[in-house]
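K.L.:
File model.pdb below, PDB, C-alpha atoms:
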```
ATOM      1  CA  MET A   1       8.534 -22.509 121.251
ATOM      2  CA  VAL A   2       9.629 -20.320 118.360
ATOM      3  CA  ALA A   3       7.274 -20.189 115.360
ATOM      4  CA  PHE A   4       8.303 -18.902 111.937
ATOM      5  CA  PRO A   5       6.133 -17.371 109.187
ATOM      6  CA  ASP A   6       6.648 -20.410 106.926
ATOM      7  CA  GLY A   7       4.797 -22.633 109.422
ATOM      8  CA  VAL A   8       7.906 -24.262 110.894
ATOM      9  CA  ASP A   9       8.322 -24.209 114.642
ATOM     10  CA  VAL A  10      11.074 -25.303 116.988
ATOM     11  CA  GLU A  11      11.408 -25.806 120.702
ATOM     12  CA  PHE A  12      14.446 -23.780 121.722
ATOM     13  CA  SER A  13      16.087 -24.555 125.037
ATOM     14  CA  ALA A  14      19.037 -22.643 126.491
ATOM     15  CA  ARG A  15      20.136 -23.739 129.941
ATOM     16  CA  GLY A  16      21.737 -20.950 131.854
ATOM     17  CA  LEU A  17      19.596 -18.298 130.234
ATOM     18  CA  GLU A  18      16.591 -19.564 132.190
ATOM     19  CA  SER A  19      18.389 -19.567 135.560
ATOM     20  CA  ASP A  20      21.557 -18.462 137.309
ATOM     21  CA  ASP A  21      23.462 -21.519 135.978
ATOM     22  CA  PRO A  22      26.391 -20.791 133.663
ATOM     23  CA  PHE A  23      25.419 -20.782 129.991
ATOM     24  CA  SER A  24      26.886 -23.844 128.290
ATOM     25  CA  GLY A  25      24.872 -24.257 125.103
ATOM     26  CA  CYS A  26      21.436 -24.657 123.667
ATOM     27  CA  ALA A  27      19.280 -27.158 121.820
ATOM     28  CA  PHE A  28      16.827 -26.940 118.952
ATOM     29  CA  HIS A  29      14.096 -29.584 119.014
ATOM     30  CA  VAL A  30      13.114 -29.350 115.360
ATOM     31  CA  ARG A  31       9.608 -30.101 114.082
ATOM     32  CA  GLY A  32      10.223 -29.328 110.425
ATOM     33  CA  CYS A  33      12.705 -27.406 108.403
ATOM     34  CA  GLY A  34      12.593 -24.107 106.558
ATOM     35  CA  ASP A  35      14.812 -21.227 105.564
ATOM     36  CA  SER A  36      13.799 -19.127 108.584
ATOM     37  CA  LEU A  37      14.722 -21.875 111.037
ATOM     38  CA  ILE A  38      18.073 -22.517 109.352
ATOM     39  CA  ALA A  39      18.892 -18.784 109.442
ATOM     40  CA  PHE A  40      17.851 -18.613 113.120
ATOM     41  CA  MET A  41      20.101 -21.561 114.073
ATOM     42  CA  PHE A  42      23.003 -20.074 112.116
ATOM     43  CA  GLU A  43      22.643 -16.643 113.744
ATOM     44  CA  VAL A  44      22.329 -18.104 117.263
ATOM     45  CA  ALA A  45      25.493 -20.156 116.701
ATOM     46  CA  ARG A  46      27.386 -17.121 115.375
ATOM     47  CA  ALA A  47      26.201 -14.829 118.172
ATOM     48  CA  GLY A  48      27.265 -17.344 120.817
ATOM     49  CA  ASP A  49      30.420 -18.504 119.003
ATOM     50  CA  MET A  50      29.026 -22.045 119.213
ATOM     51  CA  VAL A  51      29.499 -25.096 117.033
ATOM     52  CA  ILE A  52      26.471 -27.030 115.800
ATOM     53  CA  LEU A  53      26.250 -30.754 116.562
ATOM     54  CA  PRO A  54      23.312 -32.035 114.507
ATOM     55  CA  ALA A  55      21.909 -35.436 115.433
ATOM     56  CA  MET A  56      22.288 -36.955 111.987
ATOM     57  CA  GLU A  57      24.203 -39.621 110.127
ATOM     58  CA  GLY A  58      27.923 -39.016 110.269
ATOM     59  CA  ASN A  59      27.640 -36.815 113.376
ATOM     60  CA  PRO A  60      29.244 -33.794 111.723
ATOM     61  CA  ILE A  61      30.671 -30.914 113.720
ATOM     62  CA  VAL A  62      29.504 -27.719 112.049
ATOM     63  CA  LEU A  63      31.621 -24.641 112.674
ATOM     64  CA  VAL A  64      30.369 -21.126 112.003
ATOM     65  CA  SER A  65      33.896 -19.698 112.043
ATOM     66  CA  GLU A  66      37.203 -21.192 110.937
ATOM     67  CA  ALA A  67      38.718 -19.966 114.225
ATOM     68  CA  GLN A  68      36.551 -22.465 116.134
ATOM     69  CA  GLU A  69      38.576 -25.395 114.795
ATOM     70  CA  ALA A  70      41.512 -24.424 117.038
ATOM     71  CA  HIS A  71      39.294 -24.923 120.101
ATOM     72  CA  LEU A  72      37.949 -28.378 119.266
ATOM     73  CA  PRO A  73      39.009 -31.172 121.639
ATOM     74  CA  LEU A  74      41.952 -33.178 120.337
ATOM     75  CA  ASP A  75      40.131 -36.456 121.001
ATOM     76  CA  ILE A  76      37.123 -35.883 118.715
ATOM     77  CA  GLY A  77      38.333 -38.725 116.506
ATOM     78  CA  ASP A  78      39.955 -39.072 113.133
ATOM     79  CA  ASP A  79      36.680 -39.993 111.433
ATOM     80  CA  VAL A  80      35.054 -36.657 112.335
ATOM     81  CA  GLU A  81      35.758 -33.844 109.906
ATOM     82  CA  PRO A  82      34.639 -30.384 111.000
ATOM     83  CA  ILE A  83      32.599 -28.529 108.386
ATOM     84  CA  CYS A  84      32.778 -24.735 108.323
ATOM     85  CA  VAL A  85      29.684 -22.899 107.107
ATOM     86  CA  ARG A  86      29.709 -19.202 106.270
ATOM     87  CA  ALA A  87      26.027 -18.572 105.599
ATOM     88  CA  PRO A  88      22.618 -20.067 106.352
ATOM     89  CA  SER A  89      22.551 -21.574 102.848
ATOM     90  CA  ASP A  90      25.759 -23.490 103.631
ATOM     91  CA  LEU A  91      24.190 -24.798 106.855
ATOM     92  CA  ALA A  92      21.069 -25.851 104.935
ATOM     93  CA  ALA A  93      23.251 -27.819 102.488
ATOM     94  CA  VAL A  94      24.915 -29.679 105.375
ATOM     95  CA  LEU A  95      21.646 -30.443 107.181
ATOM     96  CA  THR A  96      19.789 -31.612 104.093
ATOM     97  CA  GLY A  97      22.641 -33.668 102.666
TER      98      GLY A  97
END
```
Take the structure in the file and write it out as structure tokens.
P.N.:
Amino acid sequence: MVAFPDGVDVEFSARGLESDDPFSGCAFHVRGCGDSLIAFMFEVARAGDMVILPAMEGNPIVLVSEAQEAHLPLDIGDDVEPICVRAPSDLAAVLTG
């Protein structure tokens, strides 16, 4: 559990960091939303060169670098448009609609 000063907390799970298994990604089990949490998710994604797959309407693929688009699977579908965010505020705009 990661708690932030604004009262928001999140359960953060990262398989592979907890064991000898290869690291393949992480999950945020969100219990509220705030600027600190958004910044934390953005920085974790940037540090790990990971895309963000929020469980929300439209199932967007959020990139934290334009270079990530070249590594997306070709079969993600024509109806899925990757969204590149450059700052936590951009990520907040995507997640809050």
K.L.:
Give, as JSON, the centre coordinates and the x, y and z edge lengths in Å to one decimal for an axis-aligned box around all listed atoms of stretch 6-9 of chain A, padded by 5 Å on each side.
P.N.:
```
{"center_x": 6.6, "center_y": -22.3, "center_z": 110.8, "size_x": 13.5, "size_y": 13.9, "size_z": 17.7}
```
K.L.:
Hey, what comes out of the PyMOL selection byres ((chain A and resi 75-85) around 10) on this file? Could you write it as a PyMOL selection string?
P.N.:
chain A and resi 42+51-52+58-69+72-74+86-94
K.L.:
Could you list, as a list in words, every residue within 9 Å of A:Gly32, counting only C-alpha atoms and ignoring same-chain residues fewer than 4 positions away?
P.N.:
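Listed by chain and then number, they are Gly7, Val8, Asp9, Val10 and Leu37 of chain A.
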K.L.:
Just how far from atom CA of A:His71 is atom CA of A:Gly48, in Å to one decimal?
P.N.:
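Computed distance, atom CA of A:Gly48 to atom CA of A:His71, equals 14.2 Å.
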K.L.:
What lies within 8 Å of A:Phe12 using all atoms listed in the file, ignoring chain neighbours under 5 positions off, as a list in words?
P.N.:
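Result of the neighbour search: Met1, Val2, Cys26, Ala27, Phe28 and His29 of chain A.
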K.L.:
Out of A:Asp20, A:Arg31, A:Pro5, A:Ala14, which residue has the shortest atom-to-atom distance to A:Ala45 when counting all atoms listed in the file?
P.N.:
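Among A:Asp20, A:Arg31, A:Pro5, A:Ala14, it is A:Ala14 that comes nearest to A:Ala45.
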